[in-house]
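K.L.:
My structure is stored as my_file.txt, with compact mmCIF, N, CA and C atoms.
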```
# COMPACT_ATOMS: atom_id res chain seq x y z
N MET A 1 74.39 -15.52 51.87
CA MET A 1 75.19 -16.62 51.37
C MET A 1 74.63 -17.96 51.84
N LYS A 2 74.13 -17.99 53.09
CA LYS A 2 73.59 -19.23 53.63
C LYS A 2 72.37 -19.68 52.83
N ARG A 3 71.53 -18.74 52.39
CA ARG A 3 70.34 -19.09 51.61
C ARG A 3 70.73 -19.74 50.28
N VAL A 4 71.76 -19.22 49.65
CA VAL A 4 72.22 -19.78 48.38
C VAL A 4 72.70 -21.21 48.60
N THR A 5 73.42 -21.47 49.68
CA THR A 5 73.92 -22.81 49.98
C THR A 5 72.77 -23.78 50.22
N VAL A 6 71.76 -23.37 51.00
CA VAL A 6 70.60 -24.22 51.28
C VAL A 6 69.84 -24.50 49.98
N ALA A 7 69.62 -23.46 49.17
CA ALA A 7 68.92 -23.64 47.90
C ALA A 7 69.68 -24.60 47.00
N SER A 8 71.00 -24.46 46.95
CA SER A 8 71.81 -25.36 46.12
C SER A 8 71.71 -26.80 46.62
N ALA A 9 71.70 -26.99 47.93
CA ALA A 9 71.59 -28.33 48.49
C ALA A 9 70.25 -28.96 48.14
N VAL A 10 69.16 -28.18 48.24
CA VAL A 10 67.83 -28.69 47.91
C VAL A 10 67.76 -29.07 46.43
N ILE A 11 68.26 -28.21 45.56
CA ILE A 11 68.26 -28.49 44.12
C ILE A 11 69.09 -29.75 43.84
N GLY A 12 70.21 -29.89 44.51
CA GLY A 12 71.05 -31.08 44.33
C GLY A 12 70.34 -32.35 44.75
N MET A 13 69.60 -32.30 45.87
CA MET A 13 68.86 -33.48 46.32
C MET A 13 67.76 -33.85 45.34
N ILE A 14 67.05 -32.86 44.83
CA ILE A 14 66.00 -33.13 43.84
C ILE A 14 66.61 -33.76 42.60
N ALA A 15 67.72 -33.26 42.15
CA ALA A 15 68.38 -33.81 40.96
C ALA A 15 68.81 -35.26 41.19
N MET A 16 69.22 -35.59 42.42
CA MET A 16 69.62 -36.96 42.72
C MET A 16 68.42 -37.88 42.80
N ILE A 17 67.30 -37.41 43.34
CA ILE A 17 66.11 -38.23 43.51
C ILE A 17 65.43 -38.47 42.17
N SER A 18 65.28 -37.46 41.34
CA SER A 18 64.55 -37.59 40.07
C SER A 18 65.10 -38.68 39.17
N PRO A 19 66.41 -38.76 38.92
CA PRO A 19 66.90 -39.84 38.07
C PRO A 19 66.64 -41.22 38.67
N ALA A 20 66.68 -41.34 40.00
CA ALA A 20 66.42 -42.63 40.63
C ALA A 20 64.99 -43.07 40.35
N TRP A 21 64.04 -42.15 40.46
CA TRP A 21 62.64 -42.49 40.19
C TRP A 21 62.48 -42.85 38.73
N ALA A 22 63.03 -42.05 37.84
CA ALA A 22 62.87 -42.29 36.41
C ALA A 22 63.50 -43.62 36.03
N SER A 23 64.65 -43.93 36.59
CA SER A 23 65.31 -45.18 36.21
C SER A 23 64.53 -46.37 36.73
N SER A 24 63.91 -46.32 37.91
CA SER A 24 63.17 -47.47 38.38
C SER A 24 61.88 -47.65 37.60
N LEU A 25 61.22 -46.57 37.18
CA LEU A 25 60.04 -46.69 36.34
C LEU A 25 60.45 -47.20 34.96
N SER A 26 61.59 -46.77 34.46
CA SER A 26 62.04 -47.25 33.15
C SER A 26 62.44 -48.73 33.20
N ASP A 27 62.63 -49.27 34.41
CA ASP A 27 62.90 -50.71 34.53
C ASP A 27 61.73 -51.54 34.03
N MET A 28 60.55 -50.94 33.88
CA MET A 28 59.38 -51.65 33.37
C MET A 28 59.46 -51.88 31.87
N VAL A 29 60.27 -51.11 31.17
CA VAL A 29 60.31 -51.21 29.71
C VAL A 29 60.68 -52.64 29.33
N GLY A 30 59.85 -53.23 28.48
CA GLY A 30 60.07 -54.60 28.04
C GLY A 30 58.75 -55.32 27.82
N THR A 31 58.84 -56.63 27.71
CA THR A 31 57.68 -57.46 27.43
C THR A 31 57.33 -58.27 28.67
N TRP A 32 56.05 -58.28 29.01
CA TRP A 32 55.56 -58.90 30.24
C TRP A 32 54.43 -59.86 29.93
N GLU A 33 54.29 -60.90 30.75
CA GLU A 33 53.23 -61.88 30.57
C GLU A 33 52.34 -61.91 31.81
N TRP A 34 51.03 -61.99 31.58
CA TRP A 34 50.06 -62.12 32.66
C TRP A 34 48.88 -62.94 32.16
N GLU A 35 48.68 -64.11 32.72
CA GLU A 35 47.51 -64.96 32.47
C GLU A 35 47.09 -65.03 31.00
N GLY A 36 48.03 -65.36 30.13
CA GLY A 36 47.71 -65.52 28.72
C GLY A 36 47.77 -64.23 27.90
N PHE A 37 48.12 -63.13 28.53
CA PHE A 37 48.26 -61.85 27.84
C PHE A 37 49.73 -61.47 27.76
N THR A 38 50.10 -60.77 26.70
CA THR A 38 51.43 -60.20 26.58
C THR A 38 51.28 -58.69 26.55
N ILE A 39 52.00 -58.02 27.44
CA ILE A 39 51.95 -56.56 27.56
C ILE A 39 53.32 -56.01 27.19
N GLU A 40 53.36 -55.04 26.28
CA GLU A 40 54.60 -54.38 25.88
C GLU A 40 54.65 -53.02 26.55
N VAL A 41 55.66 -52.81 27.39
CA VAL A 41 55.85 -51.52 28.06
C VAL A 41 56.96 -50.77 27.35
N THR A 42 56.65 -49.54 26.93
CA THR A 42 57.61 -48.72 26.20
C THR A 42 57.74 -47.36 26.87
N GLU A 43 58.87 -46.68 26.60
CA GLU A 43 59.01 -45.31 27.06
C GLU A 43 58.00 -44.47 26.32
N CYS A 44 57.40 -43.54 27.03
CA CYS A 44 56.32 -42.74 26.48
C CYS A 44 56.49 -41.33 27.05
N GLY A 45 57.29 -40.49 26.37
CA GLY A 45 57.62 -39.19 26.93
C GLY A 45 58.47 -39.38 28.18
N ASP A 46 58.05 -38.76 29.28
CA ASP A 46 58.76 -38.91 30.56
C ASP A 46 58.20 -40.07 31.37
N SER A 47 57.34 -40.87 30.80
CA SER A 47 56.67 -41.94 31.52
C SER A 47 56.80 -43.24 30.74
N VAL A 48 55.88 -44.16 31.00
CA VAL A 48 55.82 -45.42 30.25
C VAL A 48 54.39 -45.66 29.80
N CYS A 49 54.26 -46.39 28.70
CA CYS A 49 52.96 -46.83 28.19
C CYS A 49 52.96 -48.35 28.20
N ALA A 50 51.79 -48.94 28.39
CA ALA A 50 51.65 -50.40 28.42
C ALA A 50 50.55 -50.79 27.45
N THR A 51 50.91 -51.57 26.43
CA THR A 51 49.97 -51.96 25.39
C THR A 51 49.79 -53.47 25.37
N VAL A 52 48.54 -53.92 25.28
CA VAL A 52 48.25 -55.34 25.14
C VAL A 52 48.62 -55.73 23.71
N VAL A 53 49.63 -56.60 23.54
CA VAL A 53 50.08 -56.96 22.20
C VAL A 53 49.66 -58.37 21.80
N ASP A 54 49.23 -59.18 22.77
CA ASP A 54 48.76 -60.53 22.46
C ASP A 54 47.87 -61.01 23.60
N GLY A 55 46.88 -61.80 23.25
CA GLY A 55 45.99 -62.35 24.25
C GLY A 55 44.60 -62.55 23.71
N PRO A 56 43.71 -63.08 24.54
CA PRO A 56 42.36 -63.39 24.08
C PRO A 56 41.43 -62.18 23.92
N ALA A 57 41.82 -61.01 24.42
CA ALA A 57 40.94 -59.83 24.32
C ALA A 57 41.77 -58.55 24.37
N ASN A 58 41.19 -57.48 23.87
CA ASN A 58 41.75 -56.12 24.00
C ASN A 58 43.14 -55.93 23.40
N VAL A 59 43.51 -56.73 22.41
CA VAL A 59 44.81 -56.58 21.74
C VAL A 59 44.85 -55.22 21.05
N GLY A 60 45.95 -54.51 21.24
CA GLY A 60 46.12 -53.19 20.65
C GLY A 60 45.68 -52.06 21.57
N GLU A 61 45.05 -52.41 22.67
CA GLU A 61 44.56 -51.38 23.61
C GLU A 61 45.66 -50.98 24.59
N ASP A 62 45.64 -49.71 24.98
CA ASP A 62 46.54 -49.22 26.02
C ASP A 62 46.01 -49.66 27.37
N MET A 63 46.87 -50.26 28.17
CA MET A 63 46.46 -50.71 29.49
C MET A 63 46.49 -49.56 30.49
N PHE A 64 47.47 -48.67 30.40
CA PHE A 64 47.55 -47.53 31.31
C PHE A 64 46.66 -46.41 30.76
N LEU A 65 45.67 -46.02 31.53
CA LEU A 65 44.76 -44.96 31.12
C LEU A 65 45.18 -43.61 31.68
N SER A 66 46.19 -43.62 32.56
CA SER A 66 46.77 -42.38 33.10
C SER A 66 48.27 -42.61 33.25
N GLU A 67 49.01 -41.53 33.47
CA GLU A 67 50.44 -41.67 33.71
C GLU A 67 50.66 -42.20 35.12
N PRO A 68 51.54 -43.18 35.30
CA PRO A 68 51.85 -43.64 36.65
C PRO A 68 52.41 -42.49 37.49
N GLU A 69 51.90 -42.37 38.72
CA GLU A 69 52.37 -41.34 39.65
C GLU A 69 53.02 -42.02 40.84
N GLU A 70 54.23 -41.60 41.17
CA GLU A 70 54.96 -42.18 42.28
C GLU A 70 54.14 -42.08 43.56
N SER A 71 54.09 -43.18 44.31
CA SER A 71 53.33 -43.22 45.56
C SER A 71 53.91 -44.30 46.47
N GLY A 72 54.51 -43.89 47.58
CA GLY A 72 55.06 -44.86 48.53
C GLY A 72 56.12 -45.73 47.88
N ASP A 73 55.88 -47.05 47.91
CA ASP A 73 56.85 -48.01 47.39
C ASP A 73 56.67 -48.31 45.91
N GLY A 74 55.78 -47.59 45.23
CA GLY A 74 55.52 -47.87 43.82
C GLY A 74 54.83 -46.71 43.13
N TRP A 75 53.82 -47.03 42.33
CA TRP A 75 53.13 -46.03 41.54
C TRP A 75 51.63 -46.29 41.54
N ASN A 76 50.85 -45.23 41.45
CA ASN A 76 49.41 -45.32 41.26
C ASN A 76 49.11 -45.02 39.81
N VAL A 77 48.13 -45.73 39.26
CA VAL A 77 47.77 -45.56 37.86
C VAL A 77 46.35 -46.05 37.64
N GLU A 78 45.66 -45.45 36.70
CA GLU A 78 44.36 -45.93 36.28
C GLU A 78 44.61 -46.90 35.12
N VAL A 79 44.10 -48.13 35.23
CA VAL A 79 44.39 -49.14 34.22
C VAL A 79 43.13 -49.78 33.65
N MET A 80 43.28 -50.29 32.44
CA MET A 80 42.25 -51.12 31.84
C MET A 80 42.63 -52.57 32.12
N HIS A 81 41.73 -53.33 32.73
CA HIS A 81 41.98 -54.76 32.97
C HIS A 81 42.07 -55.45 31.61
N PRO A 82 43.18 -56.12 31.31
CA PRO A 82 43.34 -56.71 29.97
C PRO A 82 42.23 -57.70 29.59
N ALA A 83 41.72 -58.45 30.54
CA ALA A 83 40.72 -59.48 30.23
C ALA A 83 39.32 -58.93 30.08
N THR A 84 38.95 -57.96 30.93
CA THR A 84 37.56 -57.49 30.96
C THR A 84 37.35 -56.13 30.33
N GLY A 85 38.42 -55.34 30.25
CA GLY A 85 38.29 -53.96 29.77
C GLY A 85 37.82 -53.00 30.84
N ASP A 86 37.54 -53.50 32.05
CA ASP A 86 37.09 -52.64 33.15
C ASP A 86 38.22 -51.72 33.60
N THR A 87 37.85 -50.55 34.13
CA THR A 87 38.82 -49.59 34.63
C THR A 87 39.05 -49.82 36.12
N TYR A 88 40.32 -49.94 36.49
CA TYR A 88 40.73 -50.12 37.88
C TYR A 88 41.62 -48.97 38.30
N TYR A 89 41.50 -48.58 39.55
CA TYR A 89 42.39 -47.59 40.16
C TYR A 89 43.40 -48.42 40.94
N ALA A 90 44.64 -48.46 40.47
CA ALA A 90 45.59 -49.47 40.92
C ALA A 90 46.89 -48.88 41.46
N HIS A 91 47.60 -49.73 42.19
CA HIS A 91 48.94 -49.44 42.69
C HIS A 91 49.82 -50.59 42.23
N PHE A 92 51.02 -50.27 41.72
CA PHE A 92 51.93 -51.34 41.32
C PHE A 92 53.33 -51.09 41.83
N THR A 93 54.06 -52.19 41.98
CA THR A 93 55.46 -52.15 42.38
C THR A 93 56.25 -53.01 41.39
N ILE A 94 57.54 -52.75 41.32
CA ILE A 94 58.43 -53.53 40.46
C ILE A 94 59.53 -54.12 41.35
N ASP A 95 59.74 -55.42 41.21
CA ASP A 95 60.81 -56.09 41.94
C ASP A 95 61.52 -57.02 40.95
N GLY A 96 62.57 -56.50 40.34
CA GLY A 96 63.30 -57.29 39.34
C GLY A 96 62.44 -57.59 38.13
N ASP A 97 62.18 -58.86 37.92
CA ASP A 97 61.41 -59.29 36.75
C ASP A 97 59.95 -59.56 37.07
N VAL A 98 59.46 -58.98 38.17
CA VAL A 98 58.05 -59.12 38.54
C VAL A 98 57.45 -57.74 38.78
N TRP A 99 56.32 -57.51 38.15
CA TRP A 99 55.56 -56.27 38.29
C TRP A 99 54.26 -56.67 38.94
N SER A 100 54.03 -56.26 40.20
CA SER A 100 52.84 -56.64 40.96
C SER A 100 51.86 -55.47 41.00
N MET A 101 50.58 -55.78 40.73
CA MET A 101 49.57 -54.74 40.69
C MET A 101 48.34 -55.18 41.47
N GLU A 102 47.73 -54.23 42.18
CA GLU A 102 46.45 -54.48 42.83
C GLU A 102 45.62 -53.22 42.71
N GLY A 103 44.31 -53.41 42.57
CA GLY A 103 43.45 -52.25 42.42
C GLY A 103 41.98 -52.62 42.47
N CYS A 104 41.15 -51.59 42.43
CA CYS A 104 39.70 -51.77 42.52
C CYS A 104 39.00 -50.87 41.50
N THR A 105 37.82 -51.31 41.08
CA THR A 105 36.98 -50.48 40.22
C THR A 105 36.23 -49.49 41.10
N SER A 106 35.56 -48.53 40.49
CA SER A 106 34.78 -47.56 41.26
C SER A 106 33.59 -48.23 41.95
N SER A 107 33.19 -49.42 41.49
CA SER A 107 32.08 -50.13 42.14
C SER A 107 32.55 -51.10 43.21
N GLY A 108 33.87 -51.13 43.49
CA GLY A 108 34.40 -51.93 44.58
C GLY A 108 34.87 -53.33 44.21
N VAL A 109 34.89 -53.68 42.94
CA VAL A 109 35.44 -54.96 42.50
C VAL A 109 36.96 -54.83 42.51
N CYS A 110 37.64 -55.72 43.23
CA CYS A 110 39.10 -55.62 43.36
C CYS A 110 39.79 -56.82 42.72
N ALA A 111 41.01 -56.60 42.27
CA ALA A 111 41.81 -57.66 41.65
C ALA A 111 43.28 -57.39 41.93
N GLN A 112 44.07 -58.44 41.82
CA GLN A 112 45.52 -58.29 41.95
C GLN A 112 46.18 -59.33 41.06
N GLY A 113 47.41 -59.04 40.68
CA GLY A 113 48.12 -59.99 39.83
C GLY A 113 49.57 -59.61 39.67
N ASP A 114 50.35 -60.59 39.26
CA ASP A 114 51.76 -60.40 38.99
C ASP A 114 52.02 -60.57 37.50
N PHE A 115 52.79 -59.66 36.94
CA PHE A 115 53.21 -59.70 35.54
C PHE A 115 54.68 -60.13 35.55
N TYR A 116 55.03 -61.06 34.67
CA TYR A 116 56.39 -61.60 34.65
C TYR A 116 57.08 -61.22 33.35
N ARG A 117 58.35 -60.78 33.49
CA ARG A 117 59.13 -60.39 32.30
C ARG A 117 59.37 -61.62 31.44
N MET A 118 59.18 -61.44 30.14
CA MET A 118 59.39 -62.55 29.19
C MET A 118 60.83 -62.52 28.68
```
As structure tokens, what does this structure read like?

P.N.:
Amino acid sequence: MKRVTVASAVIGMIAMISPAWASSLSDMVGTWEWEGFTIEVTECGDSVCATVVDGPANVGEDMFLSEPEESGDGWNVEVMHPATGDTYYAHFTIDGDVWSMEGCTSSGVCAQGDFYRM
């Protein structure tokens, strides 16, 4: 009987944690601005997709090249830099209407930036 109770408690904790993660990632859904670019974040299955919808380059391209994976205080994701098209291995966090990202290419070029909700 004790095993059933422990198993039920673990399942209950997982059920409570999963919606919290999903809801905070879904907080990204919307339109964001970064240095002359407009990024549209939409629900994409159990995750989110980020598409460059306006700007000087890469319009129509998907910015997220992998699904965001929860890591520490945010998520890790492989991204296409909207301005250069370079691939970065990045970490991002969401704080209200600001989405902050930092990452580096495989050759060690690093960048960071804040995206603001429009």

K.L.:
Neighbours of A:Val109 within 10 Å (only C-alpha atoms; same-chain residues fewer than 6 positions away dropped), as a PDB file with N, CA and C atoms, in the coordinates of the input?

P.N.:
```
ATOM      1  N   ASP A  86      37.540 -53.500  32.050  1.00  0.00           N
ATOM      2  CA  ASP A  86      37.090 -52.640  33.150  1.00  0.00           C
ATOM      3  C   ASP A  86      38.220 -51.720  33.600  1.00  0.00           C
ATOM      4  N   TYR A  88      40.320 -49.940  36.490  1.00  0.00           N
ATOM      5  CA  TYR A  88      40.730 -50.120  37.880  1.00  0.00           C
ATOM      6  C   TYR A  88      41.620 -48.970  38.300  1.00  0.00           C
ATOM      7  N   GLY A 103      44.310 -53.410  42.570  1.00  0.00           N
ATOM      8  CA  GLY A 103      43.450 -52.250  42.420  1.00  0.00           C
ATOM      9  C   GLY A 103      41.980 -52.620  42.470  1.00  0.00           C
TER      10      GLY A 103
END
```

K.L.:
Please, which residues are within 8 Å of (53.8, -64.2, 38.4) by the file's coordinates, counting all atoms listed in the file, and could they come as a VMD selection string?

P.N.:
chain A and resid 33 to 35 97 to 99 113 to 117

K.L.:
Give the strand (DSSP E) residues of chain A, as DSSP finds them on the backbone, and put them as number ranges by chain.

P.N.:
A: 30-34, 37-44, 47-54, 69-71, 74-80, 87-95, 98-104, 110-117

K.L.:
One number please: atom C of A:Glu78 to atom C of A:Asp62, in Å, one decimal.

P.N.:
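Interatomic distance, atom C of A:Glu78 to atom C of A:Asp62: 8.3 Å.
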
K.L.:
So how many Å separate atom N of A:Asp54 and atom C of A:Thr31, to one decimal?

P.N.:
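Computed distance, atom N of A:Asp54 to atom C of A:Thr31, equals 10.1 Å.
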